[in-house]
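Student: Dropping in input-v5.txt, which is compact mmCIF, C-alpha atoms:
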# COMPACT_ATOMS: atom_id res chain seq x y z
CA MET A 1 -190.22 67.45 9.36
CA ARG A 2 -189.43 64.53 11.67
CA LEU A 3 -186.45 63.62 9.49
CA GLU A 4 -185.18 67.21 9.68
CA ALA A 5 -185.52 67.28 13.48
CA LYS A 6 -183.60 63.98 13.72
CA HIS A 7 -180.88 65.37 11.46
CA LEU A 8 -180.63 68.54 13.60
CA GLU A 9 -180.46 66.46 16.78
CA ARG A 10 -177.67 64.33 15.29
CA MET A 11 -175.75 67.46 14.26
CA LYS A 12 -176.08 68.94 17.77
CA LYS A 13 -174.78 65.71 19.34
CA GLU A 14 -171.87 65.65 16.88
CA ALA A 15 -171.00 69.29 17.66
CA ALA A 16 -171.13 68.64 21.42
CA LYS A 17 -168.87 65.60 21.02
CA THR A 18 -166.37 67.58 18.93
CA LEU A 19 -166.33 70.40 21.47
CA ARG A 20 -165.79 67.98 24.37
CA ALA A 21 -162.99 66.23 22.49
CA PHE A 22 -161.43 69.57 21.63
CA LEU A 23 -161.47 70.72 25.29
CA ILE A 24 -159.83 67.48 26.44
CA GLU A 25 -157.28 67.89 23.67
CA LEU A 26 -156.59 71.45 24.80
CA ALA A 27 -155.96 70.30 28.40
CA ILE A 28 -153.52 67.55 27.31
CA TYR A 29 -151.88 69.93 24.87
CA ALA A 30 -151.39 72.55 27.62
CA VAL A 31 -149.55 70.00 29.81
CA LEU A 32 -147.32 69.01 26.87
CA VAL A 33 -146.57 72.64 26.05
CA VAL A 34 -145.61 73.50 29.65
CA GLY A 35 -143.24 70.50 29.70
CA TYR A 36 -141.83 71.67 26.37
CA PHE A 37 -141.14 75.19 27.72
CA PHE A 38 -139.18 73.96 30.72
CA LEU A 39 -137.27 71.12 29.08
CA VAL A 40 -136.64 71.77 25.39
CA LEU A 41 -136.48 75.58 25.32
CA HIS A 42 -134.32 75.67 28.46
CA PHE A 43 -131.70 73.43 26.83
CA LEU A 44 -131.98 75.09 23.42
CA GLY A 45 -131.57 78.64 24.78
CA GLN A 46 -127.81 78.93 25.29
CA GLY A 47 -126.92 76.89 22.19
CA LEU A 48 -129.07 79.08 19.96
CA ARG A 49 -127.69 82.22 21.59
CA GLN A 50 -124.13 81.12 20.73
CA LEU A 51 -125.18 80.31 17.18
CA GLU A 52 -126.90 83.71 16.82
CA VAL A 53 -123.79 85.56 17.96
CA TYR A 54 -121.07 83.63 16.08
CA HIS A 55 -122.76 81.91 13.09
CA ARG A 56 -125.59 84.08 11.80
CA TYR A 57 -126.23 82.20 8.52
CA THR A 58 -126.37 78.83 10.32
CA TYR A 59 -128.66 80.41 12.91
CA ALA A 60 -131.00 81.67 10.16
CA VAL A 61 -131.28 78.18 8.63
CA VAL A 62 -131.69 76.48 12.05
CA ALA A 63 -134.36 79.03 13.04
CA LEU A 64 -136.39 78.28 9.91
CA LEU A 65 -136.00 74.52 10.34
CA LEU A 66 -137.04 74.73 14.01
CA ILE A 67 -140.22 76.72 13.39
CA ILE A 68 -141.29 74.56 10.41
CA GLY A 69 -140.39 71.36 12.30
CA GLN A 70 -142.38 72.46 15.34
CA ALA A 71 -145.35 73.36 13.11
CA VAL A 72 -145.45 69.91 11.53
CA LEU A 73 -144.85 68.13 14.85
CA LEU A 74 -147.55 70.07 16.73
CA GLN A 75 -150.06 69.43 13.99
CA TYR A 76 -149.36 65.70 14.11
CA ILE A 77 -149.75 65.76 17.90
CA THR A 78 -153.05 67.69 17.85
CA THR A 79 -154.48 65.56 15.03
CA PHE A 80 -153.40 62.37 16.83
CA LEU A 81 -154.85 63.54 20.17
CA LEU A 82 -158.15 64.49 18.57
CA ARG A 83 -158.39 61.12 16.80
CA VAL A 84 -157.63 59.18 20.00
CA ILE A 85 -160.05 61.21 22.12
CA ARG A 86 -162.86 61.02 19.55
CA GLY A 87 -162.20 57.32 19.01
CA ARG A 88 -162.58 56.63 22.73
CA SER A 89 -165.79 58.64 23.05
CA ASP A 90 -167.45 56.84 20.08
CA MET B 91 -139.28 83.52 31.21
CA PHE B 92 -135.90 84.81 30.05
CA PHE B 93 -135.13 84.81 26.33
CA PRO B 94 -131.33 85.08 25.96
CA ILE B 95 -131.24 85.96 22.26
CA SER B 96 -133.20 89.22 22.59
CA ASP B 97 -132.27 89.65 26.28
CA ALA B 98 -135.94 90.00 27.22
CA HIS B 99 -138.17 88.76 30.06
CA ILE B 100 -141.64 87.90 28.74
CA SER B 101 -144.41 85.74 30.20
CA PRO B 102 -144.76 82.56 28.07
CA LEU B 103 -148.51 82.51 28.78
CA TYR B 104 -148.82 85.99 27.22
CA LEU B 105 -146.95 84.82 24.12
CA VAL B 106 -149.10 81.70 23.82
CA ILE B 107 -152.32 83.76 24.06
CA VAL B 108 -151.10 86.31 21.48
CA GLY B 109 -150.10 83.43 19.20
CA PHE B 110 -153.48 81.76 19.67
CA VAL B 111 -155.43 84.91 18.71
CA ILE B 112 -153.25 85.58 15.66
CA GLY B 113 -153.48 81.91 14.72
CA ILE B 114 -157.28 82.06 14.60
CA LEU B 115 -157.23 85.25 12.49
CA GLY B 116 -154.59 83.82 10.17
CA GLY B 117 -156.33 80.49 9.67
CA PHE B 118 -159.70 82.14 9.02
CA PHE B 119 -158.73 85.19 6.95
CA GLY B 120 -155.42 84.14 5.38
CA VAL B 121 -153.46 87.03 6.89
CA GLY B 122 -150.13 87.01 8.71
CA GLY B 123 -151.46 89.12 11.60
CA SER B 124 -148.35 91.29 11.98
CA PHE B 125 -150.54 94.34 12.70
CA ILE B 126 -151.38 92.66 16.04
CA ALA B 127 -148.20 90.67 16.72
CA GLY B 128 -145.85 93.64 16.20
CA PRO B 129 -147.56 95.93 18.75
CA ALA B 130 -148.17 92.97 21.12
CA LEU B 131 -144.44 92.22 21.24
CA ARG B 132 -143.52 95.91 21.53
CA VAL B 133 -145.88 96.35 24.51
CA VAL B 134 -143.87 93.83 26.57
CA GLY B 135 -140.62 95.64 25.84
CA LEU B 136 -139.17 93.77 22.87
CA ASP B 137 -137.07 96.01 20.60
CA TRP B 138 -138.72 97.02 17.33
CA ASN B 139 -136.22 95.12 15.14
CA PHE B 140 -136.75 91.91 17.14
CA ALA B 141 -140.54 92.37 17.09
CA VAL B 142 -140.53 92.53 13.26
CA GLY B 143 -138.14 89.62 12.66
CA THR B 144 -139.57 87.35 15.38
CA ASP B 145 -143.10 87.96 14.15
CA LEU B 146 -142.08 86.83 10.65
CA ALA B 147 -140.62 83.58 12.03
CA HIS B 148 -143.81 82.93 13.98
CA ILE B 149 -145.89 83.65 10.85
CA VAL B 150 -143.99 80.90 8.97
CA GLY B 151 -144.89 78.29 11.60
CA LYS B 152 -148.50 79.39 11.92
CA SER B 153 -148.98 79.43 8.15
CA VAL B 154 -147.53 75.91 7.79
CA VAL B 155 -150.19 74.60 10.21
CA ALA B 156 -153.02 76.56 8.56
CA VAL B 157 -151.98 75.59 5.02
CA ARG B 158 -151.84 71.88 5.90
CA GLN B 159 -155.37 72.17 7.28
CA HIS B 160 -156.62 74.20 4.29
CA ARG B 161 -154.96 71.74 1.90
CA ALA B 162 -156.92 68.90 3.48
CA PHE B 163 -160.09 70.85 2.57
CA GLY B 164 -158.86 71.50 -1.01
CA ASN B 165 -158.42 75.22 -0.33
CA VAL B 166 -154.87 75.67 -1.65
CA ASP B 167 -153.95 76.38 -5.28
CA LEU B 168 -150.22 75.51 -5.26
CA LYS B 169 -149.63 76.67 -8.86
CA LEU B 170 -151.15 80.09 -8.18
CA GLY B 171 -149.25 80.40 -4.87
CA LEU B 172 -145.89 79.69 -6.52
CA ILE B 173 -146.52 82.21 -9.34
CA MET B 174 -147.62 84.83 -6.83
CA ALA B 175 -144.54 84.29 -4.65
CA VAL B 176 -142.34 85.50 -7.54
CA GLY B 177 -144.36 88.72 -7.95
CA THR B 178 -144.55 89.29 -4.19
CA ILE B 179 -140.80 89.06 -3.61
CA GLY B 180 -140.18 91.43 -6.57
CA GLY B 181 -142.76 93.88 -5.23
CA ALA B 182 -141.37 93.70 -1.69
CA GLU B 183 -137.90 94.63 -2.95
CA VAL B 184 -139.29 97.64 -4.89
CA GLY B 185 -141.34 98.69 -1.82
CA ALA B 186 -138.21 98.54 0.36
CA GLN B 187 -136.33 100.69 -2.20
CA LEU B 188 -139.22 103.18 -2.20
CA ILE B 189 -138.91 103.46 1.58
CA GLN B 190 -135.17 104.14 1.23
CA SER B 191 -135.88 106.93 -1.31
CA LEU B 192 -138.45 108.52 1.01
CA LYS B 193 -135.98 108.25 3.91
CA ARG B 194 -133.45 110.21 1.88
CA ALA B 195 -136.13 112.80 1.07
CA GLY B 196 -136.83 113.03 4.81
CA ASN B 197 -140.61 112.55 4.81
CA VAL B 198 -140.98 108.79 5.08
CA ASN B 199 -143.22 108.65 8.18
CA LEU B 200 -145.86 111.08 6.95
CA VAL B 201 -146.08 109.62 3.43
CA VAL B 202 -146.22 105.99 4.62
CA SER B 203 -148.83 106.86 7.27
CA ILE B 204 -151.13 108.71 4.86
CA VAL B 205 -150.84 106.05 2.15
CA SER B 206 -151.50 103.22 4.61
CA ILE B 207 -154.56 104.94 6.15
CA ALA B 208 -156.00 105.58 2.68
CA VAL B 209 -155.36 101.97 1.59
CA TYR B 210 -156.76 100.37 4.78
CA VAL B 211 -159.93 102.50 4.80
CA SER B 212 -160.50 101.98 1.06
CA ILE B 213 -160.21 98.19 1.36
CA SER B 214 -162.62 98.07 4.31
CA SER B 215 -165.14 100.42 2.64
CA PHE B 216 -165.08 98.47 -0.61
CA MET B 217 -165.38 95.07 1.10
CA ILE B 218 -168.27 96.16 3.31
CA TRP B 219 -170.10 97.53 0.24
CA GLU B 220 -169.42 94.44 -1.89
CA SER B 221 -170.13 91.74 0.70
CA ARG B 222 -173.35 93.39 1.90
CA LYS B 223 -174.53 93.84 -1.69
CA THR B 224 -173.68 90.21 -2.45
CA LEU B 225 -175.46 88.92 0.65
CA ALA B 226 -178.52 91.10 -0.08
CA ALA B 227 -178.73 89.90 -3.71
CA LYS B 228 -179.23 86.26 -2.62
CA LYS B 229 -178.43 85.09 -6.13
CA PRO B 230 -177.89 81.39 -6.73
CA LEU B 231 -174.28 80.30 -6.69
CA PRO B 232 -172.73 80.06 -10.17
CA PRO B 233 -171.73 76.59 -11.34
CA ALA B 234 -168.14 75.71 -10.57
CA SER B 235 -166.07 75.69 -13.72
CA ALA B 236 -163.68 73.04 -12.46
CA LYS B 237 -163.99 69.89 -10.44
CA GLY B 238 -163.28 70.60 -6.81
CA ALA B 239 -163.45 74.38 -7.13
CA LYS B 240 -165.25 76.09 -4.25
CA GLN B 241 -168.33 77.95 -5.36
CA ASP B 242 -168.53 81.64 -4.62
CA TYR B 243 -170.42 84.73 -5.74
CA SER B 244 -169.54 88.42 -5.68
CA ALA B 245 -171.44 91.58 -6.62
CA PHE B 246 -168.18 92.69 -8.23
CA GLN B 247 -168.08 89.60 -10.46
CA HIS B 248 -168.79 91.46 -13.74
CA VAL B 249 -165.52 93.40 -13.34
CA THR B 250 -163.61 90.23 -12.41
CA ARG B 251 -164.95 88.46 -15.52
CA ALA B 252 -163.88 91.42 -17.72
CA ILE B 253 -160.35 91.15 -16.24
CA GLN B 254 -160.32 87.39 -16.89
CA ARG B 255 -161.31 88.02 -20.54
CA LEU B 256 -158.11 90.02 -21.16
CA LYS B 257 -156.14 87.62 -23.37
CA LEU B 258 -152.64 88.85 -22.67
CA PRO B 259 -150.35 85.84 -23.34
CA PRO B 260 -149.20 83.67 -21.69
CA ILE B 261 -152.55 82.50 -20.35
CA VAL B 262 -152.45 80.35 -17.23
CA LYS B 263 -155.02 77.69 -16.33
CA LEU B 264 -155.63 77.23 -12.62
CA PRO B 265 -157.73 74.05 -12.36
CA ALA B 266 -157.80 74.08 -8.54
CA SER B 267 -159.37 77.57 -8.52
CA GLY B 268 -161.39 77.06 -11.71
CA VAL B 269 -159.86 80.19 -13.28
CA THR B 270 -158.08 80.87 -16.58
CA ILE B 271 -156.24 84.20 -16.62
CA SER B 272 -153.22 86.04 -18.00
CA LEU B 273 -149.95 85.38 -16.14
CA TRP B 274 -149.26 89.12 -16.15
CA ILE B 275 -152.40 89.89 -14.17
CA ILE B 276 -151.43 87.34 -11.49
CA LEU B 277 -147.92 88.78 -11.32
CA ALA B 278 -149.31 92.36 -11.17
CA VAL B 279 -151.61 91.48 -8.25
CA ALA B 280 -148.74 89.75 -6.42
CA PHE B 281 -146.37 92.62 -7.20
CA VAL B 282 -148.79 95.20 -5.74
CA GLY B 283 -149.22 93.05 -2.60
CA GLY B 284 -145.44 92.73 -2.27
CA LEU B 285 -145.00 96.47 -2.89
CA PHE B 286 -147.30 97.29 0.03
CA SER B 287 -145.58 94.64 2.14
CA GLY B 288 -142.19 96.25 1.54
CA PHE B 289 -143.61 99.77 1.85
CA LEU B 290 -145.91 99.39 4.87
CA GLY B 291 -144.36 96.34 6.57
CA GLY B 292 -146.01 93.05 7.46
CA GLY B 293 -147.19 90.43 5.00
CA ALA B 294 -149.90 92.65 3.37
CA GLY B 295 -152.42 89.78 3.42
CA TYR B 296 -155.14 92.42 3.92
CA ILE B 297 -154.42 93.59 0.35
CA ARG B 298 -153.54 90.29 -1.31
CA MET B 299 -156.50 88.22 -0.12
CA PRO B 300 -159.17 90.73 -1.33
CA SER B 301 -157.35 91.34 -4.62
CA MET B 302 -157.18 87.58 -5.28
CA VAL B 303 -160.97 87.45 -4.87
CA TYR B 304 -161.93 90.64 -6.72
CA VAL B 305 -159.25 90.90 -9.42
CA LEU B 306 -158.30 87.28 -10.14
CA GLY B 307 -161.73 85.81 -9.34
CA ILE B 308 -160.38 83.14 -6.95
CA PRO B 309 -163.12 81.74 -4.67
CA THR B 310 -162.75 83.19 -1.13
CA HIS B 311 -161.89 79.86 0.55
CA LEU B 312 -159.14 79.20 -1.98
CA ALA B 313 -157.88 82.79 -1.73
CA VAL B 314 -157.46 82.33 2.05
CA GLY B 315 -155.61 79.00 1.73
CA THR B 316 -153.46 80.08 -1.23
CA ASP B 317 -152.56 83.39 0.40
CA LEU B 318 -151.32 81.47 3.45
CA PHE B 319 -149.24 79.19 1.21
CA GLU B 320 -147.75 82.24 -0.46
CA ILE B 321 -147.09 83.77 2.99
CA ILE B 322 -144.99 80.70 3.94
CA ILE B 323 -142.63 81.45 1.02
CA SER B 324 -142.42 85.23 1.49
CA ALA B 325 -142.23 85.08 5.32
CA SER B 326 -139.50 82.38 5.15
CA TYR B 327 -137.51 84.69 2.91
CA GLY B 328 -138.12 87.56 5.36
CA THR B 329 -137.22 85.40 8.39
CA PHE B 330 -133.93 84.36 6.80
CA THR B 331 -132.85 87.91 5.91
CA HIS B 332 -133.90 89.26 9.33
CA ALA B 333 -132.17 86.38 11.16
CA VAL B 334 -128.93 87.14 9.31
CA LYS B 335 -129.26 90.78 10.45
CA GLY B 336 -129.78 89.61 14.07
CA ASN B 337 -133.48 90.53 14.29
CA VAL B 338 -135.01 87.13 15.10
CA ASP B 339 -135.46 85.59 18.56
CA ILE B 340 -136.52 82.12 17.48
CA LEU B 341 -137.24 81.05 21.08
CA ILE B 342 -139.98 83.69 21.38
CA ALA B 343 -141.36 82.62 17.98
CA LEU B 344 -141.41 78.96 19.07
CA VAL B 345 -143.33 79.79 22.26
CA MET B 346 -145.83 82.00 20.37
CA HIS B 347 -146.28 79.25 17.86
CA THR B 348 -147.46 76.71 20.45
CA GLY B 349 -150.61 78.85 20.81
CA ALA B 350 -150.82 79.66 17.10
CA ALA B 351 -150.72 75.96 16.14
CA ILE B 352 -154.08 75.40 17.85
CA GLY B 353 -155.52 78.80 16.80
CA ALA B 354 -154.60 78.33 13.13
CA GLN B 355 -156.35 74.96 13.03
CA ILE B 356 -159.50 76.40 14.61
CA GLY B 357 -159.45 79.30 12.13
CA ALA B 358 -158.92 77.05 9.10
CA ILE B 359 -161.66 74.60 10.15
CA SER B 360 -164.05 77.51 10.84
CA THR B 361 -163.88 78.69 7.20
CA GLN B 362 -165.76 75.53 6.22
CA TYR B 363 -168.84 76.79 8.10
CA PHE B 364 -169.04 80.21 6.40
CA ALA B 365 -169.87 81.27 2.84
CA GLY B 366 -167.40 83.46 0.92
CA PRO B 367 -169.30 86.79 1.29
CA LYS B 368 -169.62 86.26 5.07
CA ILE B 369 -165.86 85.65 5.39
CA ARG B 370 -165.27 88.84 3.37
CA LEU B 371 -167.67 90.83 5.57
CA ALA B 372 -165.97 89.56 8.74
CA PHE B 373 -162.62 90.61 7.21
CA VAL B 374 -163.65 94.30 7.19
CA PRO B 375 -162.42 95.24 10.74
CA LEU B 376 -158.87 93.97 10.13
CA PRO B 377 -157.64 96.78 7.83
CA LEU B 378 -159.48 99.28 10.08
CA ILE B 379 -157.47 98.05 13.09
CA GLY B 380 -154.34 98.61 10.98
CA ALA B 381 -155.54 102.16 10.16
CA ALA B 382 -156.28 102.88 13.85
CA ILE B 383 -152.74 101.82 14.81
CA VAL B 384 -151.22 104.11 12.16
CA ILE B 385 -153.42 107.07 13.25
CA TYR B 386 -152.39 106.47 16.89
CA THR B 387 -148.71 106.42 15.88
CA LEU B 388 -149.12 109.55 13.77
CA PHE B 389 -150.71 111.59 16.56
CA THR B 390 -148.74 110.34 19.58
CA GLY B 391 -145.37 109.67 17.98
CA HIS B 392 -145.23 106.27 19.75
CA LYS B 393 -144.64 103.43 17.33
CA LEU B 394 -146.76 100.47 18.44
Write out the structure in this file as structure tokens.
Tutor:
Amino acid sequence: MRLEAKHLERMKKEAAKTLRAFLIELAIYAVLVVGYFFLVLHFLGQGLRQLEVYHRYTYAVVALLLIIGQAVLLQYITTFLLRVIRGRSD
Amino acid sequence: MFFPISDAHISPLYLVIVGFVIGILGGFFGVGGSFIAGPALRVVGLDWNFAVGTDLAHIVGKSVVAVRQHRAFGNVDLKLGLIMAVGTIGGAEVGAQLIQSLKRAGNVNLVVSIVSIAVYVSISSFMIWESRKTLAAKKPLPPASAKGAKQDYSAFQHVTRAIQRLKLPPIVKLPASGVTISLWIILAVAFVGGLFSGFLGGGAGYIRMPSMVYVLGIPTHLAVGTDLFEIIISASYGTFTHAVKGNVDILIALVMHTGAAIGAQIGAISTQYFAGPKIRLAFVPLPLIGAAIVIYTLFTGHKL
């Protein structure tokens, strides 16, 4: 019984730590995303518009590459952030 | 924020939140979430063609994130996903042709609406019956037939086993899922999913995920991960064709995806804390939401 209680206590602490790390990650991520909106998307906008109007096939390929590239990049960032934050709190 | 490709003004925060919600649903249930994303983009004034194409692009990104997470948990059967992609694309083309025939006959809206309501309600009814029966039975989990396969149990398992016993060559071994089954059955399941995708729109994950569990006998966790992998292929194909037709605003998709990237990871990680029947029971409201949207459209004439 005592062993079970200890195990439960350890699990609760682990969950609390994960949640705290996740919230910190979310805050840092939000700042990065806002920066991304105003810098990257602002500069990409007109170029992509031109591509969409005059070179549809190129636009289709670039669109796919952009969304897949962003997916991989964002996952690396979130995984990295979580590792750093959890590493610091250990 | 102004999006020059679709000539639309949409709040980026709104897009991030919509992406986040769809990301959680996609990561947890293995669905594309177009039944929410489409209406959510229409509500803020995006044209219907852009809503469909942009949603597909966003689904690609979200599914990449969710699949990478599911793969880390061993929830993706790449061999099965690749076979299914062939059947899905074939089915989607036939579904699109069927729509064209109905358009020529002049009764496309009514037929598609009635079929979709019947399909959505049937799936939900069946899944609620099966998952509740499975949870009530409290039977011990069957031994996994392959190393690394996720254990699962279903009250419908006797039918699934009978389907697996059909020795229609060529027979395919799926070690990751722990299933050996005829190639034709896999292709038929994928074809039906693709047919509904082409006929009703969206990725039809609400049909494919349950049929992978009940017909092919794939454990629920693997069905979710593999369905998402298959969605990457079919949605990429859809994104490309829609982008060529001028129906994709990639900037909107990129903004939505910043929310979906986090949501999809939360959804995928959450599956590790739930048993297969509980995931299937939680899945039940999704097709019903789809049915409610179709009923609303049918009675009001407003396409959401």
Student: Given a cut-off of 8 Å, which residues of chain A touch chain B, counting all atoms listed in the file, written out as a PyMOL selection string?
Tutor: chain A and resi 33+37+41+45-46+48-49+52+56-57+59-61+63-64+66-68+70-72+74-75+78
Student: Fewer than 4 positions away in the same chain doesn't count, so skip those; otherwise give me all residues within 10 Å of Ser206 (chain B), counting all atoms listed in the file, as a PDB file with C-alpha atoms, keeping the file's coordinate frame.
Tutor:
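Saved the output as out.pdb:
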ATOM      1  CA  LEU B 200    -145.860 111.080   6.950  1.00  0.00           C
ATOM      2  CA  VAL B 201    -146.080 109.620   3.430  1.00  0.00           C
ATOM      3  CA  VAL B 202    -146.220 105.990   4.620  1.00  0.00           C
ATOM      4  CA  TYR B 210    -156.760 100.370   4.780  1.00  0.00           C
ATOM      5  CA  VAL B 211    -159.930 102.500   4.800  1.00  0.00           C
ATOM      6  CA  SER B 212    -160.500 101.980   1.060  1.00  0.00           C
ATOM      7  CA  PHE B 286    -147.300  97.290   0.030  1.00  0.00           C
ATOM      8  CA  PHE B 289    -143.610  99.770   1.850  1.00  0.00           C
ATOM      9  CA  LEU B 290    -145.910  99.390   4.870  1.00  0.00           C
ATOM     10  CA  PRO B 377    -157.640  96.780   7.830  1.00  0.00           C
ATOM     11  CA  GLY B 380    -154.340  98.610  10.980  1.00  0.00           C
ATOM     12  CA  ALA B 381    -155.540 102.160  10.160  1.00  0.00           C
ATOM     13  CA  VAL B 384    -151.220 104.110  12.160  1.00  0.00           C
ATOM     14  CA  ILE B 385    -153.420 107.070  13.250  1.00  0.00           C
TER      15      ILE B 385
END
Student: Name the residues in contact with region 216-227 of chain B at a cut-off of 8 Å, using all atoms listed in the file, excluding same-chain residues fewer than 6 positions from it; report them as a PyMOL selection string.
Tutor: chain B and resi 243-246+300+367-368+370-371+374
Student: Thr178 (chain B): which residues within 7 Å, counting all atoms listed in the file, same-chain residues fewer than 2 positions away excluded, as a ChimeraX atom specification?
Tutor: /B:174-176,180-182,280-281,283-284
Student: Take the residues just selected and output them with C-alpha atoms as an mmCIF file, keeping the file's coordinate frame.
Tutor:
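So selection25.cif came out as:
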data_model
loop_
_atom_site.group_PDB
_atom_site.id
_atom_site.type_symbol
_atom_site.label_atom_id
_atom_site.label_comp_id
_atom_site.auth_asym_id
_atom_site.auth_seq_id
_atom_site.Cartn_x
_atom_site.Cartn_y
_atom_site.Cartn_z
ATOM 1 C CA MET B 174 -147.620 84.830 -6.830
ATOM 2 C CA ALA B 175 -144.540 84.290 -4.650
ATOM 3 C CA VAL B 176 -142.340 85.500 -7.540
ATOM 4 C CA GLY B 180 -140.180 91.430 -6.570
ATOM 5 C CA GLY B 181 -142.760 93.880 -5.230
ATOM 6 C CA ALA B 182 -141.370 93.700 -1.690
ATOM 7 C CA ALA B 280 -148.740 89.750 -6.420
ATOM 8 C CA PHE B 281 -146.370 92.620 -7.200
ATOM 9 C CA GLY B 283 -149.220 93.050 -2.600
ATOM 10 C CA GLY B 284 -145.440 92.730 -2.270
#
Student: To one decimal in Å, tell me the separation between CA of Gly109 (chain B) and CA of Gly143 (chain B).
Tutor: 15.0 Å
Student: Just give me the gap between CA of Leu273 (chain B) and CA of Leu258 (chain B) in Å, one decimal is fine.
Tutor: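 We find that CA of Leu273 (chain B) and CA of Leu258 (chain B) lie 7.9 Å from each other.
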Student: Under the rule that only C-alpha atoms are counted, which of B:Leu192, B:Ile126, B:Ile308, B:Leu170 is the nearest residue to Leu277 (chain B)?
Tutor: B:Leu170
Student: Enter the distance from CA of Ala252 (chain B) to CA of Ile297 (chain B), in Å, rounded to one decimal.
Tutor: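 Those two atoms sit 20.5 Å apart.
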